[in-house]
Structures are given as structure tokens and as C-alpha cells.
$ cat query-v8.cif   # mmCIF, C-alpha atoms
data_protein
loop_
_atom_site.group_PDB
_atom_site.id
_atom_site.type_symbol
_atom_site.label_atom_id
_atom_site.label_comp_id
_atom_site.auth_asym_id
_atom_site.auth_seq_id
_atom_site.Cartn_x
_atom_site.Cartn_y
_atom_site.Cartn_z
ATOM 1 C CA MET I 6 61.580 173.950 -23.951
ATOM 2 C CA GLU I 7 58.058 174.669 -22.708
ATOM 3 C CA MET I 8 56.929 171.250 -23.925
ATOM 4 C CA LEU I 9 59.260 169.554 -21.425
ATOM 5 C CA PRO I 10 58.277 168.842 -17.825
ATOM 6 C CA GLU I 11 59.532 171.553 -15.435
ATOM 7 C CA SER I 12 62.324 169.378 -14.009
ATOM 8 C CA GLU I 13 63.635 168.701 -17.508
ATOM 9 C CA GLN I 14 63.310 172.382 -18.448
ATOM 10 C CA ASN I 15 65.654 173.272 -15.592
ATOM 11 C CA PHE I 16 68.122 170.582 -16.688
ATOM 12 C CA ALA I 17 67.990 171.768 -20.313
ATOM 13 C CA LEU I 18 68.496 175.396 -19.296
ATOM 14 C CA GLU I 19 71.547 174.550 -17.171
ATOM 15 C CA PHE I 20 72.934 172.350 -19.944
ATOM 16 C CA ILE I 21 72.541 175.112 -22.541
ATOM 17 C CA ARG I 22 74.093 177.650 -20.168
ATOM 18 C CA LYS I 23 77.136 175.389 -19.693
ATOM 19 C CA LEU I 24 77.419 174.842 -23.455
ATOM 20 C CA VAL I 25 77.347 178.577 -24.190
ATOM 21 C CA LEU I 26 79.916 179.377 -21.505
ATOM 22 C CA ALA I 27 82.187 176.553 -22.712
ATOM 23 C CA TRP I 28 81.909 177.835 -26.273
ATOM 24 C CA ASP I 29 82.407 181.512 -25.307
ATOM 25 C CA PRO I 30 83.590 182.166 -21.717
ATOM 26 C CA ASP I 31 83.197 185.936 -22.215
ATOM 27 C CA PHE I 32 79.517 185.554 -23.183
ATOM 28 C CA THR I 33 78.265 187.154 -19.964
ATOM 29 C CA LYS I 34 80.614 190.152 -20.136
ATOM 30 C CA LEU I 35 79.390 193.483 -21.496
ATOM 31 C CA THR I 36 81.222 195.630 -23.987
ATOM 32 C CA ALA I 37 81.919 199.226 -22.974
ATOM 33 C CA ALA I 38 79.117 200.414 -25.283
ATOM 34 C CA GLU I 39 76.622 197.898 -23.850
ATOM 35 C CA ASN I 40 77.517 198.962 -20.315
ATOM 36 C CA ARG I 41 76.999 202.651 -21.196
ATOM 37 C CA ASN I 42 73.626 201.847 -22.780
ATOM 38 C CA ILE I 43 72.472 199.975 -19.679
ATOM 39 C CA GLU I 44 73.641 202.735 -17.328
ATOM 40 C CA GLU I 45 71.860 205.308 -19.487
ATOM 41 C CA ALA I 46 68.631 203.282 -19.498
ATOM 42 C CA VAL I 47 68.717 202.742 -15.728
ATOM 43 C CA SER I 48 69.218 206.454 -15.052
ATOM 44 C CA ASP I 49 66.444 207.454 -17.491
ATOM 45 C CA PRO I 50 63.253 208.213 -15.495
ATOM 46 C CA GLU I 51 61.138 207.085 -18.477
ATOM 47 C CA THR I 52 62.563 203.546 -18.317
ATOM 48 C CA ILE I 53 60.205 201.047 -16.684
ATOM 49 C CA PRO I 54 61.908 198.512 -14.387
ATOM 50 C CA HIS I 55 61.289 194.812 -15.118
ATOM 51 C CA GLU I 56 59.944 194.181 -11.623
ATOM 52 C CA VAL I 57 56.961 196.505 -12.127
ATOM 53 C CA ILE I 58 55.820 194.741 -15.315
ATOM 54 C CA ASN I 59 53.265 191.945 -15.028
ATOM 55 C CA TRP I 60 54.879 189.374 -17.342
ATOM 56 C CA ASP I 61 51.969 186.954 -17.039
#

$ encode --input "query-v8.cif" --output "C-alpha cells"
Amino acid sequence: MEMLPESEQNFALEFIRKLVLAWDPDFTKLTAAENRNIEEAVSDPETIPHEVINWD
């Protein structure tokens, strides 16, 4: 994907997203266990939020 120009990267990402959702419409839904794990991680003071990490 990174080899493509930015405009084509966006197109490819949207295309892949549509393919995945067409193949499995429940793809974006969490299971009860996944939801509990996320809630636990968010409430844990040791967890570092994504927005404070320099991803570059």
C-alpha cells in the first residue's frame, strides 16, 4: 500500500474496507469478551492512550 501514491492508497483502503464488510458485516462489532478487555484497558491508569504516543 505504501508504494502507491496517496490518492490511490485512499482508494485501496476504502475498497478493502468495503470488501471486508461485504464478506463479514459483523466485522466491526466486538464480542462481549473484547468489549470487557477494552473497558478494562481504558480504566487502567497504566494504559497509555494512543494520542499521547508519537507514532512517527

$ atom_distance --input "query-v8.cif" --atom1 "CA of Asp29 in chain I" --atom2 "CA of Glu56 in chain I"
29.2 Å

$ resolve_selection --input "query-v8.cif" --expression "the PyMOL selection byres ((chain I and resi 6) around 12)" --output "list in words"
Glu7, Met8, Leu9, Pro10, Glu11, Ser12, Glu13, Gln14, Asn15, Phe16, Ala17, Leu18 and Ile21 of chain I

$ axis_aligned_box --input "query-v8.cif" --around "range 13-25 of chain I" --padding-each-side "3 Å" --output "lines of an AutoDock Vina configuration file"
center_x = 70.4
center_y = 173.6
center_z = -19.9
size_x = 20.1
size_y = 15.9
size_z = 14.6

$ atom_distance --input "query-v8.cif" --atom1 "CA of Lys34 in chain I" --atom2 "CA of Asp49 in chain I"
22.5 Å

$ decode --input "query-v8.cif" --residues "range 11-60 of chain I" --atoms "N, CA and C atoms" --output "PDB file, in the first residue's frame"
ATOM      1  N   GLU I  11      -0.589   8.617  -2.694  1.00  0.00           N
ATOM      2  CA  GLU I  11      -1.540   8.806  -1.593  1.00  0.00           C
ATOM      3  C   GLU I  11      -2.993   8.692  -2.052  1.00  0.00           C
ATOM      4  N   SER I  12      -3.324   9.263  -3.199  1.00  0.00           N
ATOM      5  CA  SER I  12      -4.711   9.196  -3.680  1.00  0.00           C
ATOM      6  C   SER I  12      -5.132   7.749  -3.942  1.00  0.00           C
ATOM      7  N   GLU I  13      -4.222   6.946  -4.441  1.00  0.00           N
ATOM      8  CA  GLU I  13      -4.541   5.539  -4.689  1.00  0.00           C
ATOM      9  C   GLU I  13      -4.548   4.740  -3.392  1.00  0.00           C
ATOM     10  N   GLN I  14      -3.762   5.144  -2.404  1.00  0.00           N
ATOM     11  CA  GLN I  14      -3.799   4.483  -1.101  1.00  0.00           C
ATOM     12  C   GLN I  14      -5.183   4.627  -0.493  1.00  0.00           C
ATOM     13  N   ASN I  15      -5.730   5.849  -0.565  1.00  0.00           N
ATOM     14  CA  ASN I  15      -7.064   6.085   0.000  1.00  0.00           C
ATOM     15  C   ASN I  15      -8.109   5.238  -0.716  1.00  0.00           C
ATOM     16  N   PHE I  16      -8.019   5.171  -2.052  1.00  0.00           N
ATOM     17  CA  PHE I  16      -8.948   4.344  -2.819  1.00  0.00           C
ATOM     18  C   PHE I  16      -8.829   2.875  -2.410  1.00  0.00           C
ATOM     19  N   ALA I  17      -7.591   2.376  -2.318  1.00  0.00           N
ATOM     20  CA  ALA I  17      -7.368   0.979  -1.959  1.00  0.00           C
ATOM     21  C   ALA I  17      -7.898   0.677  -0.560  1.00  0.00           C
ATOM     22  N   LEU I  18      -7.677   1.587   0.370  1.00  0.00           N
ATOM     23  CA  LEU I  18      -8.165   1.386   1.736  1.00  0.00           C
ATOM     24  C   LEU I  18      -9.688   1.308   1.765  1.00  0.00           C
ATOM     25  N   GLU I  19     -10.360   2.220   1.071  1.00  0.00           N
ATOM     26  CA  GLU I  19     -11.823   2.194   1.031  1.00  0.00           C
ATOM     27  C   GLU I  19     -12.336   0.932   0.343  1.00  0.00           C
ATOM     28  N   PHE I  20     -11.656   0.518  -0.721  1.00  0.00           N
ATOM     29  CA  PHE I  20     -12.041  -0.695  -1.432  1.00  0.00           C
ATOM     30  C   PHE I  20     -11.916  -1.922  -0.522  1.00  0.00           C
ATOM     31  N   ILE I  21     -10.812  -2.029   0.178  1.00  0.00           N
ATOM     32  CA  ILE I  21     -10.598  -3.157   1.094  1.00  0.00           C
ATOM     33  C   ILE I  21     -11.629  -3.136   2.216  1.00  0.00           C
ATOM     34  N   ARG I  22     -11.906  -1.950   2.745  1.00  0.00           N
ATOM     35  CA  ARG I  22     -12.913  -1.829   3.806  1.00  0.00           C
ATOM     36  C   ARG I  22     -14.268  -2.334   3.313  1.00  0.00           C
ATOM     37  N   LYS I  23     -14.661  -1.949   2.100  1.00  0.00           N
ATOM     38  CA  LYS I  23     -15.938  -2.400   1.545  1.00  0.00           C
ATOM     39  C   LYS I  23     -15.933  -3.911   1.319  1.00  0.00           C
ATOM     40  N   LEU I  24     -14.810  -4.453   0.860  1.00  0.00           N
ATOM     41  CA  LEU I  24     -14.719  -5.902   0.661  1.00  0.00           C
ATOM     42  C   LEU I  24     -14.893  -6.658   1.980  1.00  0.00           C
ATOM     43  N   VAL I  25     -14.220  -6.201   3.015  1.00  0.00           N
ATOM     44  CA  VAL I  25     -14.288  -6.876   4.315  1.00  0.00           C
ATOM     45  C   VAL I  25     -15.706  -6.811   4.867  1.00  0.00           C
ATOM     46  N   LEU I  26     -16.331  -5.642   4.788  1.00  0.00           N
ATOM     47  CA  LEU I  26     -17.695  -5.511   5.307  1.00  0.00           C
ATOM     48  C   LEU I  26     -18.696  -6.318   4.486  1.00  0.00           C
ATOM     49  N   ALA I  27     -18.476  -6.438   3.177  1.00  0.00           N
ATOM     50  CA  ALA I  27     -19.356  -7.264   2.348  1.00  0.00           C
ATOM     51  C   ALA I  27     -19.179  -8.741   2.693  1.00  0.00           C
ATOM     52  N   TRP I  28     -17.954  -9.130   2.982  1.00  0.00           N
ATOM     53  CA  TRP I  28     -17.665 -10.522   3.313  1.00  0.00           C
ATOM     54  C   TRP I  28     -18.174 -10.865   4.711  1.00  0.00           C
ATOM     55  N   ASP I  29     -18.032  -9.921   5.668  1.00  0.00           N
ATOM     56  CA  ASP I  29     -18.433 -10.162   7.052  1.00  0.00           C
ATOM     57  C   ASP I  29     -19.003  -8.873   7.641  1.00  0.00           C
ATOM     58  N   PRO I  30     -20.320  -8.651   7.531  1.00  0.00           N
ATOM     59  CA  PRO I  30     -20.929  -7.408   8.003  1.00  0.00           C
ATOM     60  C   PRO I  30     -20.746  -7.164   9.508  1.00  0.00           C
ATOM     61  N   ASP I  31     -20.494  -8.207  10.279  1.00  0.00           N
ATOM     62  CA  ASP I  31     -20.296  -8.041  11.719  1.00  0.00           C
ATOM     63  C   ASP I  31     -18.840  -7.811  12.089  1.00  0.00           C
ATOM     64  N   PHE I  32     -17.968  -7.585  11.091  1.00  0.00           N
ATOM     65  CA  PHE I  32     -16.542  -7.433  11.316  1.00  0.00           C
ATOM     66  C   PHE I  32     -16.225  -6.359  12.348  1.00  0.00           C
ATOM     67  N   THR I  33     -16.958  -5.260  12.334  1.00  0.00           N
ATOM     68  CA  THR I  33     -16.637  -4.137  13.218  1.00  0.00           C
ATOM     69  C   THR I  33     -17.247  -4.272  14.607  1.00  0.00           C
ATOM     70  N   LYS I  34     -18.038  -5.317  14.850  1.00  0.00           N
ATOM     71  CA  LYS I  34     -18.667  -5.491  16.148  1.00  0.00           C
ATOM     72  C   LYS I  34     -17.725  -6.249  17.085  1.00  0.00           C
ATOM     73  N   LEU I  35     -17.773  -5.884  18.361  1.00  0.00           N
ATOM     74  CA  LEU I  35     -16.939  -6.544  19.365  1.00  0.00           C
ATOM     75  C   LEU I  35     -17.707  -7.676  20.029  1.00  0.00           C
ATOM     76  N   THR I  36     -16.983  -8.715  20.422  1.00  0.00           N
ATOM     77  CA  THR I  36     -17.592  -9.737  21.250  1.00  0.00           C
ATOM     78  C   THR I  36     -17.685  -9.186  22.664  1.00  0.00           C
ATOM     79  N   ALA I  37     -18.437  -9.847  23.513  1.00  0.00           N
ATOM     80  CA  ALA I  37     -18.563  -9.405  24.909  1.00  0.00           C
ATOM     81  C   ALA I  37     -17.197  -9.406  25.596  1.00  0.00           C
ATOM     82  N   ALA I  38     -16.383 -10.422  25.325  1.00  0.00           N
ATOM     83  CA  ALA I  38     -15.053 -10.511  25.935  1.00  0.00           C
ATOM     84  C   ALA I  38     -14.143  -9.388  25.442  1.00  0.00           C
ATOM     85  N   GLU I  39     -14.197  -9.081  24.137  1.00  0.00           N
ATOM     86  CA  GLU I  39     -13.379  -7.989  23.600  1.00  0.00           C
ATOM     87  C   GLU I  39     -13.785  -6.656  24.217  1.00  0.00           C
ATOM     88  N   ASN I  40     -15.090  -6.445  24.360  1.00  0.00           N
ATOM     89  CA  ASN I  40     -15.581  -5.208  24.959  1.00  0.00           C
ATOM     90  C   ASN I  40     -15.115  -5.078  26.408  1.00  0.00           C
ATOM     91  N   ARG I  41     -15.173  -6.157  27.171  1.00  0.00           N
ATOM     92  CA  ARG I  41     -14.684  -6.134  28.563  1.00  0.00           C
ATOM     93  C   ARG I  41     -13.200  -5.819  28.608  1.00  0.00           C
ATOM     94  N   ASN I  42     -12.421  -6.422  27.714  1.00  0.00           N
ATOM     95  CA  ASN I  42     -10.976  -6.175  27.679  1.00  0.00           C
ATOM     96  C   ASN I  42     -10.665  -4.712  27.381  1.00  0.00           C
ATOM     97  N   ILE I  43     -11.402  -4.128  26.452  1.00  0.00           N
ATOM     98  CA  ILE I  43     -11.181  -2.716  26.111  1.00  0.00           C
ATOM     99  C   ILE I  43     -11.561  -1.827  27.285  1.00  0.00           C
ATOM    100  N   GLU I  44     -12.712  -2.082  27.896  1.00  0.00           N
ATOM    101  CA  GLU I  44     -13.132  -1.277  29.049  1.00  0.00           C
ATOM    102  C   GLU I  44     -12.123  -1.376  30.187  1.00  0.00           C
ATOM    103  N   GLU I  45     -11.592  -2.572  30.410  1.00  0.00           N
ATOM    104  CA  GLU I  45     -10.591  -2.771  31.450  1.00  0.00           C
ATOM    105  C   GLU I  45      -9.312  -1.987  31.135  1.00  0.00           C
ATOM    106  N   ALA I  46      -8.884  -2.037  29.888  1.00  0.00           N
ATOM    107  CA  ALA I  46      -7.663  -1.322  29.487  1.00  0.00           C
ATOM    108  C   ALA I  46      -7.840   0.185  29.605  1.00  0.00           C
ATOM    109  N   VAL I  47      -8.995   0.694  29.220  1.00  0.00           N
ATOM    110  CA  VAL I  47      -9.245   2.136  29.283  1.00  0.00           C
ATOM    111  C   VAL I  47      -9.268   2.617  30.733  1.00  0.00           C
ATOM    112  N   SER I  48      -9.815   1.810  31.629  1.00  0.00           N
ATOM    113  CA  SER I  48      -9.901   2.227  33.031  1.00  0.00           C
ATOM    114  C   SER I  48      -8.601   2.005  33.800  1.00  0.00           C
ATOM    115  N   ASP I  49      -7.648   1.279  33.212  1.00  0.00           N
ATOM    116  CA  ASP I  49      -6.369   1.008  33.858  1.00  0.00           C
ATOM    117  C   ASP I  49      -5.470   2.248  33.763  1.00  0.00           C
ATOM    118  N   PRO I  50      -5.043   2.821  34.906  1.00  0.00           N
ATOM    119  CA  PRO I  50      -4.215   4.030  34.846  1.00  0.00           C
ATOM    120  C   PRO I  50      -2.836   3.792  34.218  1.00  0.00           C
ATOM    121  N   GLU I  51      -2.405   2.554  34.103  1.00  0.00           N
ATOM    122  CA  GLU I  51      -1.115   2.244  33.493  1.00  0.00           C
ATOM    123  C   GLU I  51      -1.177   2.212  31.965  1.00  0.00           C
ATOM    124  N   THR I  52      -2.395   2.175  31.404  1.00  0.00           N
ATOM    125  CA  THR I  52      -2.555   2.138  29.959  1.00  0.00           C
ATOM    126  C   THR I  52      -2.256   3.506  29.369  1.00  0.00           C
ATOM    127  N   ILE I  53      -1.461   3.531  28.308  1.00  0.00           N
ATOM    128  CA  ILE I  53      -1.087   4.786  27.656  1.00  0.00           C
ATOM    129  C   ILE I  53      -2.026   5.012  26.469  1.00  0.00           C
ATOM    130  N   PRO I  54      -2.716   6.168  26.430  1.00  0.00           N
ATOM    131  CA  PRO I  54      -3.610   6.435  25.307  1.00  0.00           C
ATOM    132  C   PRO I  54      -2.841   6.614  23.997  1.00  0.00           C
ATOM    133  N   HIS I  55      -3.462   6.229  22.884  1.00  0.00           N
ATOM    134  CA  HIS I  55      -2.824   6.340  21.568  1.00  0.00           C
ATOM    135  C   HIS I  55      -2.436   7.764  21.245  1.00  0.00           C
ATOM    136  N   GLU I  56      -3.252   8.738  21.662  1.00  0.00           N
ATOM    137  CA  GLU I  56      -2.986  10.123  21.274  1.00  0.00           C
ATOM    138  C   GLU I  56      -1.746  10.711  21.928  1.00  0.00           C
ATOM    139  N   VAL I  57      -1.208  10.095  22.971  1.00  0.00           N
ATOM    140  CA  VAL I  57      -0.002  10.638  23.594  1.00  0.00           C
ATOM    141  C   VAL I  57       1.283  10.003  23.030  1.00  0.00           C
ATOM    142  N   ILE I  58       1.122   9.007  22.166  1.00  0.00           N
ATOM    143  CA  ILE I  58       2.273   8.333  21.574  1.00  0.00           C
ATOM    144  C   ILE I  58       2.662   9.043  20.277  1.00  0.00           C
ATOM    145  N   ASN I  59       3.946   9.298  20.104  1.00  0.00           N
ATOM    146  CA  ASN I  59       4.451   9.856  18.859  1.00  0.00           C
ATOM    147  C   ASN I  59       4.691   8.683  17.898  1.00  0.00           C
ATOM    148  N   TRP I  60       3.782   8.474  16.971  1.00  0.00           N
ATOM    149  CA  TRP I  60       3.835   7.330  16.065  1.00  0.00           C
ATOM    150  C   TRP I  60       4.800   7.541  14.905  1.00  0.00           C
TER     151      TRP I  60
END
